[in-house]
>>> print(open('protein-v9.cif').read())   # mmCIF, C-alpha atoms and all ligand atoms
data_model
#
loop_
_atom_site.label_atom_id
_atom_site.label_comp_id
_atom_site.auth_asym_id
_atom_site.auth_seq_id
_atom_site.Cartn_x
_atom_site.Cartn_y
_atom_site.Cartn_z
CA MET A 27 84.18 168.88 83.02
CA GLN A 28 83.42 169.87 79.45
CA THR A 29 85.00 167.77 76.69
CA ILE A 30 85.64 169.31 73.29
CA THR A 31 86.58 167.07 70.38
CA LEU A 32 88.47 168.51 67.42
CA ASP A 33 88.60 166.41 64.26
CA GLY A 34 89.30 168.92 61.47
CA TYR A 35 92.87 169.00 60.15
CA ALA A 36 93.30 172.79 60.53
CA GLU A 37 91.80 173.06 64.02
CA VAL A 38 93.92 170.16 65.32
CA ARG A 39 97.01 171.90 63.91
CA ASP A 40 95.96 175.14 65.59
CA ALA A 41 95.28 173.34 68.89
CA TYR A 42 98.75 171.72 68.85
CA ARG A 43 100.25 175.21 68.75
CA GLN A 44 98.35 176.55 71.78
CA HIS A 45 100.64 177.07 74.76
CA ASP A 46 97.69 176.96 77.14
CA LEU A 47 96.79 173.38 76.25
CA GLU A 48 98.73 170.93 78.42
CA GLN A 49 99.20 167.18 77.95
CA ALA A 50 96.33 165.10 79.43
CA LEU A 51 96.53 161.71 77.71
CA TYR A 52 98.83 160.06 80.23
CA ASP A 53 97.16 160.93 83.53
CA ALA A 54 96.26 157.25 83.97
CA GLY A 55 99.72 156.11 82.84
CA GLY A 56 101.68 157.92 85.59
CA VAL A 57 103.41 154.71 86.74
CA VAL A 58 105.72 155.03 83.74
CA MET A 59 104.90 158.51 82.36
CA ALA A 60 105.02 160.88 85.37
CA ASP A 61 107.50 163.75 84.74
CA CYS A 62 108.51 162.42 81.30
CA LEU A 63 109.18 164.83 78.45
CA LEU A 64 105.79 164.10 76.91
CA VAL A 65 103.86 165.19 80.02
CA LEU A 66 105.93 168.22 81.03
CA HIS A 67 104.59 171.69 80.26
CA GLY A 68 105.86 175.24 79.79
CA GLY A 69 109.38 176.11 80.96
CA GLU A 70 110.04 172.65 82.39
CA HIS A 71 109.25 171.05 79.03
CA ARG A 72 111.28 173.64 77.13
CA ARG A 73 114.39 173.06 79.28
CA ARG A 74 114.21 169.25 79.08
CA ARG A 75 113.43 169.29 75.36
CA ARG A 76 116.39 171.62 74.66
CA VAL A 77 118.77 169.20 76.37
CA GLU A 78 117.34 166.10 74.63
CA ASN A 79 116.94 167.82 71.24
CA ARG A 80 120.70 168.16 70.93
CA LEU A 81 120.85 164.43 70.27
CA PHE A 82 118.33 164.73 67.45
CA ARG A 83 120.09 167.44 65.44
CA ARG A 84 119.33 167.45 61.76
CA GLY A 85 121.80 165.29 59.98
CA THR A 86 122.31 162.78 62.80
CA PHE A 87 119.90 160.29 61.29
CA ARG A 88 121.16 160.96 57.77
CA TYR A 89 124.56 159.91 59.08
CA TRP A 90 123.08 156.87 60.85
CA GLU A 91 121.25 155.81 57.70
CA ARG A 92 124.42 156.12 55.65
CA THR A 93 126.61 154.28 58.09
CA PHE A 94 124.72 151.48 59.84
CA LEU A 95 120.89 151.49 59.68
CA HIS A 96 120.75 149.44 56.47
CA ASP A 97 122.94 146.81 58.11
CA VAL A 98 120.84 146.75 61.30
CA VAL A 99 117.66 146.17 59.26
CA ARG A 100 119.28 143.52 57.06
CA ASP A 101 120.93 141.65 59.93
CA THR A 102 117.75 141.61 62.00
CA LEU A 103 115.72 140.22 59.13
CA ALA A 104 118.28 137.58 58.08
CA PRO A 105 117.44 134.79 60.61
CA PHE A 106 113.69 135.17 59.96
CA HIS A 107 114.28 135.09 56.21
CA ALA A 108 116.40 131.97 56.59
CA ALA A 109 113.65 130.31 58.67
CA GLY A 110 111.11 131.08 55.91
CA ARG A 111 108.58 132.68 58.27
CA ALA A 112 108.24 135.50 60.78
CA ASP A 113 105.85 137.67 62.69
CA LEU A 114 105.92 141.32 61.60
CA LEU A 115 105.58 142.54 65.19
CA GLU A 116 108.63 140.55 66.22
CA ILE A 117 110.69 141.79 63.26
CA GLY A 118 109.56 145.35 64.01
CA TYR A 119 110.46 145.27 67.68
CA ARG A 120 113.74 143.40 67.17
CA THR A 121 114.88 145.97 64.57
CA ILE A 122 113.91 149.09 66.43
CA MET A 123 114.67 147.89 69.96
CA ASN A 124 118.43 148.20 69.67
CA LEU A 125 118.12 151.61 68.03
CA THR A 126 115.82 153.04 70.68
CA ALA A 127 117.99 151.55 73.44
CA MET A 128 120.95 153.34 71.85
CA VAL A 129 119.03 156.63 71.72
CA ALA A 130 117.84 156.21 75.33
CA GLY A 131 121.30 155.25 76.60
CA VAL A 132 120.46 151.73 77.73
CA ASP A 133 123.56 149.57 77.25
CA GLN A 134 123.37 145.98 76.06
CA PRO A 135 126.64 144.53 77.34
CA THR A 136 126.44 141.18 75.54
CA GLY A 137 124.58 142.33 72.41
CA SER A 138 122.74 138.97 72.41
CA VAL A 139 119.28 138.28 71.01
CA GLU A 140 118.17 137.34 74.55
CA GLU A 141 119.10 140.84 75.71
CA THR A 142 117.13 142.45 72.88
CA ASP A 143 114.16 140.22 73.67
CA ALA A 144 114.33 141.18 77.36
CA LEU A 145 114.23 144.87 76.38
CA TYR A 146 111.38 144.10 74.00
CA ARG A 147 109.34 142.57 76.84
CA PHE A 148 110.06 145.60 79.04
CA ALA A 149 109.13 148.04 76.25
CA LYS A 150 105.85 146.22 75.63
CA LYS A 151 105.01 146.35 79.33
CA PHE A 152 105.94 150.06 79.59
CA SER A 153 103.81 150.77 76.55
CA GLU A 154 100.88 149.01 78.21
CA GLY A 155 101.48 151.24 81.24
CA ALA A 156 101.66 154.46 79.19
CA THR A 157 98.42 153.69 77.37
CA LEU A 158 96.58 152.55 80.51
CA VAL A 159 93.78 154.89 79.51
CA HIS A 160 92.96 152.51 76.64
CA THR A 161 93.35 149.20 78.47
CA THR A 162 90.55 146.69 78.54
CA ARG A 163 92.24 144.81 81.44
CA ASP A 164 92.03 145.60 85.18
CA PRO A 165 94.08 148.86 85.46
CA GLU A 166 95.38 147.99 88.96
CA VAL A 167 96.77 144.67 87.75
CA VAL A 168 98.47 146.37 84.78
CA ARG A 169 99.91 149.09 87.05
CA ALA A 170 101.46 146.50 89.40
CA GLU A 171 102.97 144.58 86.45
CA VAL A 172 104.46 147.79 85.04
CA GLN A 173 105.98 148.73 88.42
CA ASP A 174 107.61 145.29 88.70
CA ALA A 175 108.95 145.63 85.15
CA LEU A 176 110.41 149.07 85.99
CA ASP A 177 112.22 147.62 89.02
CA ASP A 178 113.67 144.73 87.00
CA PHE A 179 114.64 147.03 84.11
CA ASP A 180 116.40 149.34 86.57
CA ARG A 181 118.41 146.53 88.15
CA ILE A 182 119.31 144.64 84.96
CA PHE A 183 119.89 147.43 82.44
CA LEU A 184 119.70 150.94 83.81
CA GLN A 185 121.99 150.89 86.86
CA PRO A 186 124.93 149.40 84.90
CA SER A 187 124.33 152.01 82.15
CA VAL A 188 124.28 154.83 84.73
CA ALA A 189 127.47 153.55 86.38
CA ARG A 190 129.34 153.42 83.05
CA ARG A 191 128.29 156.98 82.21
CA ARG A 192 129.14 158.32 85.67
CA ALA A 193 132.63 156.87 85.32
CA LEU A 194 133.02 158.53 81.91
CA LEU A 195 131.78 161.87 83.25
CA ALA A 196 134.33 161.64 86.10
CA ARG A 197 137.08 161.07 83.53
CA LEU A 198 135.80 164.05 81.53
CA ASP A 199 136.01 166.23 84.65
CA ALA A 200 139.55 164.97 85.24
CA GLY A 201 140.49 165.97 81.68
CA GLU A 202 141.27 162.36 80.68
CA ILE A 203 138.71 162.27 77.87
CA THR A 204 136.86 164.85 75.76
CA GLU A 205 133.19 165.48 74.99
CA ASP A 206 133.57 163.43 71.82
CA ASP A 207 134.28 160.34 73.92
CA LEU A 208 130.87 160.52 75.64
CA PRO A 209 127.91 158.50 74.32
CA ARG A 210 125.32 160.68 72.57
CA ASP A 211 122.16 159.50 74.31
CA VAL A 212 119.32 160.70 76.53
CA LEU A 213 120.73 159.14 79.72
CA THR A 214 124.11 160.87 79.37
CA ALA A 215 122.43 164.19 78.54
CA LEU A 216 120.20 163.92 81.63
CA LEU A 217 123.05 162.88 83.94
CA ARG A 218 125.08 165.88 82.81
CA ASN A 219 122.18 168.31 83.31
CA ARG A 220 120.35 166.68 86.19
CA ASP A 221 120.75 169.53 88.67
CA GLU A 222 119.64 172.19 86.21
CA LEU A 223 116.68 170.01 85.15
CA GLY A 224 115.82 168.80 88.66
CA VAL A 225 115.84 165.16 87.55
CA ASP A 226 116.04 162.54 90.34
CA ASP A 227 116.67 158.78 90.03
CA ASP A 228 112.99 157.94 89.59
CA VAL A 229 112.52 160.48 86.80
CA LEU A 230 115.71 159.27 85.12
CA ARG A 231 114.38 155.74 85.18
CA ARG A 232 110.94 156.67 83.83
CA GLU A 233 112.41 158.89 81.08
CA CYS A 234 114.58 156.04 79.77
CA ALA A 235 111.67 153.60 80.04
CA PHE A 236 109.45 156.10 78.23
CA TYR A 237 111.95 156.47 75.37
CA LEU A 238 112.24 152.71 75.02
CA GLN A 239 108.53 152.31 74.55
CA ALA A 240 107.81 155.57 72.66
CA GLY A 241 110.37 154.74 69.98
CA SER A 242 109.76 151.04 69.63
CA HIS A 243 106.02 150.57 69.94
CA SER A 244 105.05 153.27 67.45
CA THR A 245 107.65 152.13 64.91
CA ALA A 246 106.71 148.44 65.17
CA ASP A 247 103.05 149.42 64.86
CA ALA A 248 103.72 151.60 61.78
CA PHE A 249 105.77 148.80 60.21
CA SER A 250 103.04 146.15 60.60
CA HIS A 251 100.39 148.51 59.20
CA ALA A 252 102.70 149.63 56.37
CA ALA A 253 103.21 146.01 55.30
CA ASP A 254 99.49 145.22 55.63
CA ASP A 255 98.48 148.25 53.54
CA PHE A 256 101.13 147.42 50.96
CA PHE A 257 100.01 143.77 50.66
CA THR A 258 96.41 144.93 50.17
CA TRP A 259 97.49 147.51 47.57
CA ALA A 260 99.60 144.93 45.72
CA ARG A 261 96.47 142.78 45.34
CA SER A 262 94.30 145.62 44.01
CA ASP A 263 96.94 147.45 41.93
CA PRO A 264 99.87 145.09 41.30
CA ALA A 265 101.51 147.34 38.68
CA ALA A 266 101.66 150.35 41.02
CA ALA A 267 102.93 148.24 43.91
CA GLU A 268 105.61 146.73 41.68
CA LYS A 269 106.70 150.26 40.74
CA ALA A 270 107.01 151.15 44.43
CA ARG A 271 109.15 148.06 45.00
CA HIS A 272 111.85 149.66 42.85
CA ASP A 273 111.34 153.32 43.75
CA ARG A 274 112.23 154.11 47.36
CA ALA A 275 110.82 157.64 47.22
CA LEU A 276 107.45 156.11 46.28
CA LEU A 277 107.81 153.43 48.95
CA GLN A 278 108.40 156.22 51.49
CA ARG A 279 105.08 157.75 50.36
CA CYS A 280 103.42 154.37 50.90
CA VAL A 281 104.63 154.52 54.50
CA TYR A 282 103.36 158.11 54.86
CA GLU A 283 99.91 157.00 53.62
CA THR A 284 99.91 154.27 56.27
CA LEU A 285 100.91 156.73 58.98
CA ARG A 286 98.09 159.03 57.88
CA LEU A 287 95.48 156.25 57.88
CA HIS A 288 96.73 154.36 60.98
CA PRO A 289 98.43 156.85 63.29
CA ALA A 290 100.04 154.95 66.20
CA SER A 291 98.44 157.53 68.53
CA PRO A 292 94.90 157.94 67.14
CA VAL A 293 94.04 160.66 69.66
CA ALA A 294 95.91 163.28 71.65
CA GLN A 295 94.37 164.79 74.77
CA ARG A 296 94.94 168.18 76.32
CA ARG A 297 93.59 170.26 79.20
CA ALA A 298 92.89 173.99 78.79
CA LEU A 299 94.83 176.10 81.31
CA ALA A 300 93.09 179.29 80.10
CA PRO A 301 90.18 180.18 77.80
CA ILE A 302 91.21 179.77 74.14
CA THR A 303 89.63 180.75 70.84
CA LEU A 304 90.89 178.77 67.87
CA ARG A 305 91.34 180.46 64.50
CA GLY A 306 88.19 178.85 63.10
CA GLY A 307 86.20 180.33 66.00
CA THR A 308 85.95 177.25 68.28
CA GLU A 309 85.79 178.39 71.92
CA ILE A 310 87.63 176.28 74.50
CA PRO A 311 86.72 177.24 78.08
CA GLU A 312 89.37 177.13 80.82
CA GLY A 313 89.51 173.73 82.51
CA SER A 314 87.95 171.84 79.63
CA PHE A 315 89.30 168.61 78.32
CA VAL A 316 90.25 168.65 74.63
CA VAL A 317 90.39 165.54 72.45
CA LEU A 318 92.45 165.92 69.29
CA ASP A 319 91.09 163.24 67.01
CA ILE A 320 94.20 162.58 64.93
CA ALA A 321 92.75 159.63 63.04
CA GLY A 322 89.71 161.76 62.12
CA ALA A 323 91.75 164.86 61.17
CA ASN A 324 93.99 162.71 58.98
CA ARG A 325 90.87 161.79 56.99
CA ASP A 326 89.63 165.39 56.60
CA GLY A 327 88.22 165.57 53.06
CA ARG A 328 89.00 169.31 52.89
CA ILE A 329 92.71 168.46 52.92
CA PHE A 330 92.96 164.88 51.67
CA ASP A 331 91.04 164.10 48.50
CA ARG A 332 89.20 160.72 48.81
CA PRO A 333 90.55 160.53 52.37
CA GLU A 334 89.67 156.88 53.06
CA VAL A 335 91.65 155.65 50.07
CA TYR A 336 95.24 154.46 50.42
CA ASP A 337 96.81 156.39 47.59
CA PRO A 338 100.59 156.90 47.73
CA PHE A 339 100.34 159.02 44.55
CA ARG A 340 98.00 161.57 46.16
CA GLU A 341 98.61 165.33 45.99
CA VAL A 342 98.62 167.21 49.31
CA PRO A 343 98.81 170.97 50.00
CA ALA A 344 102.41 172.22 50.28
CA ASP A 345 102.13 172.99 54.02
CA VAL A 346 100.64 169.61 54.96
CA PRO A 347 102.90 166.62 55.64
CA ARG A 348 101.77 163.42 53.90
CA TRP A 349 101.46 161.72 57.31
CA GLY A 350 99.00 164.39 58.47
CA HIS A 351 99.26 164.67 62.26
CA ALA A 352 100.74 161.18 62.84
CA PHE A 353 103.88 162.69 64.43
CA GLY A 354 101.92 165.26 66.44
CA GLY A 355 102.75 168.96 66.35
CA GLY A 356 103.61 172.01 68.43
CA MET A 357 105.72 171.66 71.57
CA HIS A 358 105.31 167.86 71.87
CA ALA A 359 105.93 167.11 68.17
CA CYS A 360 107.66 163.73 67.92
CA ILE A 361 111.39 164.04 68.57
CA GLY A 362 112.00 160.83 66.56
CA THR A 363 110.18 161.92 63.36
CA GLU A 364 113.33 161.90 61.25
CA LEU A 365 114.57 158.58 62.62
CA ALA A 366 111.27 156.77 62.03
CA GLY A 367 109.86 158.71 59.06
CA GLY A 368 112.95 160.13 57.39
CA VAL A 369 112.79 163.37 55.43
CA PRO A 370 110.16 163.55 52.66
CA THR A 371 111.84 163.10 49.28
CA PRO A 372 110.90 166.01 46.94
CA ASP A 373 108.86 165.26 43.79
CA ARG A 374 111.75 165.73 41.43
CA PRO A 375 114.88 165.53 43.54
CA SER A 376 118.07 167.13 42.26
CA PRO A 377 121.07 164.75 42.20
CA GLU A 378 122.24 166.36 45.44
CA GLN A 379 118.82 165.90 47.11
CA ALA A 380 118.68 162.30 45.88
CA HIS A 381 122.09 161.73 47.43
CA GLU A 382 120.95 163.28 50.72
CA GLN A 383 117.75 161.18 50.87
CA VAL A 384 116.79 160.02 54.40
CA LEU A 385 114.17 157.26 54.12
CA GLY A 386 113.52 156.58 57.80
CA THR A 387 113.54 153.21 59.57
CA VAL A 388 109.96 152.24 58.67
CA THR A 389 110.64 152.59 54.92
CA LEU A 390 113.99 150.82 55.28
CA MET A 391 112.25 147.96 57.07
CA LEU A 392 109.43 147.71 54.53
CA ASP A 393 111.93 147.79 51.67
CA ALA A 394 113.97 144.95 53.19
CA LEU A 395 110.84 142.93 53.95
CA LEU A 396 109.53 143.16 50.38
CA ALA A 397 112.97 142.47 48.91
CA ALA A 398 113.00 139.24 50.96
CA GLY A 399 109.74 138.20 49.26
CA ALA A 400 107.47 138.43 52.34
CA HIS A 401 103.75 137.81 51.95
CA PRO A 402 100.94 137.14 54.46
CA ASP A 403 100.74 133.55 55.73
CA PRO A 404 97.48 132.23 54.16
CA ASP A 405 96.98 129.77 57.04
CA ALA A 406 97.51 132.24 59.90
CA PRO A 407 95.61 135.53 59.46
CA PRO A 408 96.79 138.59 61.41
CA GLN A 409 95.27 139.09 64.87
CA ARG A 410 94.16 142.40 66.39
CA ASP A 411 95.34 143.27 69.92
CA PRO A 412 92.53 142.04 72.23
CA ASP A 413 93.84 144.09 75.21
CA SER A 414 93.68 147.47 73.54
CA ALA A 415 90.92 149.56 72.02
CA ARG A 416 93.55 150.92 69.60
CA ASP A 417 94.03 149.86 65.95
CA HIS A 418 97.01 147.53 66.67
CA PHE A 419 97.98 144.12 65.39
CA ALA A 420 98.97 141.64 68.09
CA SER A 421 100.46 139.28 65.52
CA TYR A 422 100.99 139.30 61.78
CA PRO A 423 102.53 136.07 60.43
CA VAL A 424 104.32 136.25 57.06
CA LEU A 425 106.11 133.72 54.87
CA PHE A 426 109.14 134.39 52.68
CA GLY A 427 109.54 133.22 49.11
CA ALA A 428 107.06 132.66 46.29
CA PRO A 429 103.40 132.76 47.46
C1 LIG B 1 106.39 155.76 63.37
C2 LIG B 1 106.97 156.07 64.51
C3 LIG B 1 106.50 157.13 65.48
C4 LIG B 1 105.28 157.75 65.60
C5 LIG B 1 104.04 157.55 64.74
C6 LIG B 1 105.38 158.69 66.70
C7 LIG B 1 104.36 159.53 67.13
C8 LIG B 1 104.47 160.48 68.11
C9 LIG B 1 103.43 161.42 68.49
C10 LIG B 1 102.05 161.50 67.86
C11 LIG B 1 103.92 162.21 69.50
C12 LIG B 1 103.18 163.38 70.19
C13 LIG B 1 102.18 162.91 71.20
C14 LIG B 1 101.36 164.06 71.79
O1 LIG B 1 101.37 165.18 71.28
O2 LIG B 1 100.66 163.82 72.77
C15 LIG B 1 105.28 161.76 69.76
C16 LIG B 1 106.10 162.30 70.73
C17 LIG B 1 107.36 161.79 71.03
N1 LIG B 1 108.03 160.78 70.37
FE1 LIG B 1 107.39 159.76 68.74
N2 LIG B 1 106.65 158.60 67.24
C18 LIG B 1 107.37 157.67 66.52
C19 LIG B 1 108.70 157.30 66.72
C20 LIG B 1 109.51 157.78 67.71
C21 LIG B 1 110.89 157.40 67.94
C22 LIG B 1 111.68 156.43 67.05
C23 LIG B 1 111.31 158.06 69.07
C24 LIG B 1 112.66 158.04 69.77
C25 LIG B 1 113.62 157.23 69.59
C26 LIG B 1 110.20 158.86 69.53
C27 LIG B 1 110.23 159.68 70.66
C28 LIG B 1 109.24 160.58 70.99
C29 LIG B 1 109.35 161.51 72.12
C30 LIG B 1 110.53 161.61 73.09
C31 LIG B 1 108.18 162.27 72.13
C32 LIG B 1 107.82 163.37 73.13
C33 LIG B 1 108.22 164.74 72.60
C34 LIG B 1 107.86 165.86 73.54
O3 LIG B 1 106.95 165.72 74.36
O4 LIG B 1 108.47 166.93 73.45
N3 LIG B 1 109.12 158.67 68.70
N4 LIG B 1 105.59 160.71 68.91
#
>>> encode(input="protein-v9.cif", output="structure tokens", more="lines below")
Ligand code: HEM
Amino acid sequence: MQTITLDGYAEVRDAYRQHDLEQALYDAGGVVMADCLLVLHGGEHRRRRRVENRLFRRGTFRYWERTFLHDVVRDTLAPFHAAGRADLLEIGYRTIMNLTAMVAGVDQPTGSVEETDALYRFAKKFSEGATLVHTTRDPEVVRAEVQDALDDFDRIFLQPSVARRRALLARLDAGEITEDDLPRDVLTALLRNRDELGVDDDVLRRECAFYLQAGSHSTADAFSHAADDFFTWARSDPAAAEKARHDRALLQRCVYETLRLHPASPVAQRRALAPITLRGGTEIPEGSFVVLDIAGANRDGRIFDRPEVYDPFREVPADVPRWGHAFGGGMHACIGTELAGGVPTPDRPSPEQAHEQVLGTVTLMLDALLAAGAHPDPDAPPQRDPDSARDHFASYPVLFGAP
């Protein structure tokens, strides 16, 4: 089979928009990814996405950020801050875990730290299953571990969550409650539309598991890289970094630079269902395998001046997001973009725009981390993930207080 690699910004954007390119990155990760939104194609994807999109309407995350996200970030950080040390991966997962569980519809009856940590272990295992294509361990061993984790997750978390929602839906049918009394999450949306969508219990389980890992792993990864890039920048340009500490719009651009330089998914993969000619003239024969090199396209010198440099002040063309392709594009564009990345703050925001600002969880987390005086632990350097070929930290120890 022919493999075609695209690493120019414009051709990757064009490829994302091709309806005859179907998802091919998760073929090896079927144990957790089969029939999930991210691997569906055509009408099936459109129908599922329409149902799940309703939860991600514009404005939902603005409301979340106004009402409780600041508190979630602050409260999660507090015990680490008090202890004087933390690992960025742990802070990242702890903060985002409860949010993604809420989006997925996975209840946490006790709300304890132990419960969050259990979900965190499941999400990490599901993530390992989804990215099996990149594993450096024995794939069969990983697959068996992921299947066991799915069974445990189902018994401990999912079945009670399903039962609670079924009871609510029965009360809705009986006219005892209204739509407004239902939880706004993926599980409820799927239970309500399961016949139309053809979703059985196994798919329901994998979709919730997929959401848990898709939302948490990428956000925790972006957070650790955002802090690492910021620490490095603060050493080379302390005045600029200090400015960003007090200017959240600039801090948001710092995060966008990190997403551009360290996209959580460095490649996307697609299969051509028909012959395609891209705008730039690249021919893609039917049946070929297409690698979208996101990390490469995000460093395309035709779009990003001095592409290798971390420069939150950079100018980008009006139709190019500062994060490049980090949130994907086309039909599979990330459904959580606004939750994780917020809405880009305009250069000179009007008072109304400033009031409406949505920073996104990664910027909120970085802001809280820096405000708490975090800096890398000089005696415990960050470690790369030995079990993945991807650009991930496995641990990143930080201390709080004066360096
Ligand atoms: C910094 C954080 C994040 C990054 C960098 C990121 C990145 C991505 C990328 C690149 C894709 C497309 C993959 C492809 O085309 O093959 C994607 C899809 C997706 N993401 Fe995210 N994501 C993030 C956060 C989130 C969050 C917080 C959620 C949910 C709570 C989420 C849910 C999803 C879903 C459901 C899809 C599949 C959409 C579809 O197939 O229609 N992501 N994400």
>>> residues_near_ligand(input="protein-v9.cif", ligand="ligand LIG 1 (chain B)", cutoff="6 Å", atoms="all atoms listed in the file", output="list in words")
Leu63, Leu64, Arg75, Thr126, Val129, Tyr237, Ala240, Gly241, Ser244, Thr245, Ala248, Pro289, Ala290, Ser291, Ala294, Ala352, Phe353, Gly354, Met357, His358, Ala359, Cys360, Ile361, Gly362, Thr363, Leu365 and Ala366 of chain A
>>> write_last_selection(input="protein-v9.cif", atoms="C-alpha atoms", output="short mmCIF file (atom, residue, chain, number, x, y, z; two decimals), keeping the file's coordinate frame")
data_model
loop_
_atom_site.label_atom_id
_atom_site.label_comp_id
_atom_site.auth_asym_id
_atom_site.auth_seq_id
_atom_site.Cartn_x
_atom_site.Cartn_y
_atom_site.Cartn_z
CA LEU A 63 109.18 164.83 78.45
CA LEU A 64 105.79 164.10 76.91
CA ARG A 75 113.43 169.29 75.36
CA THR A 126 115.82 153.04 70.68
CA VAL A 129 119.03 156.63 71.72
CA TYR A 237 111.95 156.47 75.37
CA ALA A 240 107.81 155.57 72.66
CA GLY A 241 110.37 154.74 69.98
CA SER A 244 105.05 153.27 67.45
CA THR A 245 107.65 152.13 64.91
CA ALA A 248 103.72 151.60 61.78
CA PRO A 289 98.43 156.85 63.29
CA ALA A 290 100.04 154.95 66.20
CA SER A 291 98.44 157.53 68.53
CA ALA A 294 95.91 163.28 71.65
CA ALA A 352 100.74 161.18 62.84
CA PHE A 353 103.88 162.69 64.43
CA GLY A 354 101.92 165.26 66.44
CA MET A 357 105.72 171.66 71.57
CA HIS A 358 105.31 167.86 71.87
CA ALA A 359 105.93 167.11 68.17
CA CYS A 360 107.66 163.73 67.92
CA ILE A 361 111.39 164.04 68.57
CA GLY A 362 112.00 160.83 66.56
CA THR A 363 110.18 161.92 63.36
CA LEU A 365 114.57 158.58 62.62
CA ALA A 366 111.27 156.77 62.03
#
>>> axis_aligned_box(input="protein-v9.cif", around="range 104-119 of chain A", padding_each_side="6 Å", output="AutoDock Vina command-line options")
--center_x 111.9 --center_y 137.8 --center_z 61.8 --size_x 24.7 --size_y 27.0 --size_z 23.8
>>> residues_around(input="protein-v9.cif", residues="range 40-57 of chain A", least_positions_apart="6", cutoff="6 Å", atoms="all atoms listed in the file", output="list in words")
Val65, Gly155, Ala156, Leu158, Val159, Gln295, Arg296, Arg297, Ala298, Leu299, Ala300, Gly355 and Gly356 of chain A
>>> closest_atom_pairs(input="protein-v9.cif", of="range 62-158 of chain A", to="range 184-198 of chain A", cutoff="9 Å", atoms="all atoms listed in the file", output="Markdown table")
| residue | atom | partner | partner_atom | distance |
| --- | --- | --- | --- | --- |
| A:Gly131 | CA | A:Ser187 | CA | 7.1 |
| A:Val132 | CA | A:Ser187 | CA | 5.9 |
| A:Asp133 | CA | A:Ser187 | CA | 5.5 |
| A:Gln134 | CA | A:Ser187 | CA | 8.6 |
>>> closest_residue(input="protein-v9.cif", among="A:Ile122, A:Leu66, A:Val388, A:Val293", to="Asp417 in chain A", atoms="only C-alpha atoms")
A:Val293
>>> closest_residue(input="protein-v9.cif", among="A:Pro338, A:Ala36, A:His243, A:Thr93", to="Glu154 in chain A", atoms="all atoms listed in the file")
A:His243
>>> atom_distance(input="protein-v9.cif", atom1="CA of Gly34 in chain A", atom2="CA of Glu341 in chain A")
18.4 Å
>>> atom_distance(input="protein-v9.cif", atom1="CA of Glu91 in chain A", atom2="CA of Leu385 in chain A")
8.1 Å
>>> closest_residue(input="protein-v9.cif", among="A:Asp33, A:Asp337, A:Glu222, A:His418", to="Ala266 in chain A", atoms="all atoms listed in the file")
A:Asp337
>>> atom_distance(input="protein-v9.cif", atom1="CA of Phe256 in chain A", atom2="CA of Cys280 in chain A")
7.3 Å
>>> closest_residue(input="protein-v9.cif", among="A:Gln278, A:Asn124, A:Thr29, A:Ser250", to="Ala420 in chain A", atoms="all atoms listed in the file")
A:Ser250
>>> decode(input="protein-v9.cif", residues="range 328-347 of chain A", atoms="C-alpha atoms", output="PDB file, in the first residue's frame")
ATOM      1  CA  ARG A 328       5.740  29.591   4.791  1.00  0.00           C
ATOM      2  CA  ILE A 329       3.129  30.219   7.494  1.00  0.00           C
ATOM      3  CA  PHE A 330       5.073  30.573  10.744  1.00  0.00           C
ATOM      4  CA  ASP A 331       8.046  32.916  10.632  1.00  0.00           C
ATOM      5  CA  ARG A 332      11.077  31.372  12.459  1.00  0.00           C
ATOM      6  CA  PRO A 333       8.910  28.289  13.037  1.00  0.00           C
ATOM      7  CA  GLU A 334      11.173  26.539  15.565  1.00  0.00           C
ATOM      8  CA  VAL A 335      11.146  29.515  17.922  1.00  0.00           C
ATOM      9  CA  TYR A 336       8.699  29.731  20.818  1.00  0.00           C
ATOM     10  CA  ASP A 337       7.408  33.238  20.285  1.00  0.00           C
ATOM     11  CA  PRO A 338       4.050  34.105  21.876  1.00  0.00           C
ATOM     12  CA  PHE A 339       4.264  37.563  20.231  1.00  0.00           C
ATOM     13  CA  ARG A 340       4.398  36.129  16.694  1.00  0.00           C
ATOM     14  CA  GLU A 341       2.138  37.344  13.885  1.00  0.00           C
ATOM     15  CA  VAL A 342       0.128  34.690  12.024  1.00  0.00           C
ATOM     16  CA  PRO A 343      -2.075  35.003   8.916  1.00  0.00           C
ATOM     17  CA  ALA A 344      -5.694  35.876   9.772  1.00  0.00           C
ATOM     18  CA  ASP A 345      -7.071  32.487   8.660  1.00  0.00           C
ATOM     19  CA  VAL A 346      -4.522  30.423  10.615  1.00  0.00           C
ATOM     20  CA  PRO A 347      -5.123  29.581  14.285  1.00  0.00           C
TER      21      PRO A 347
END
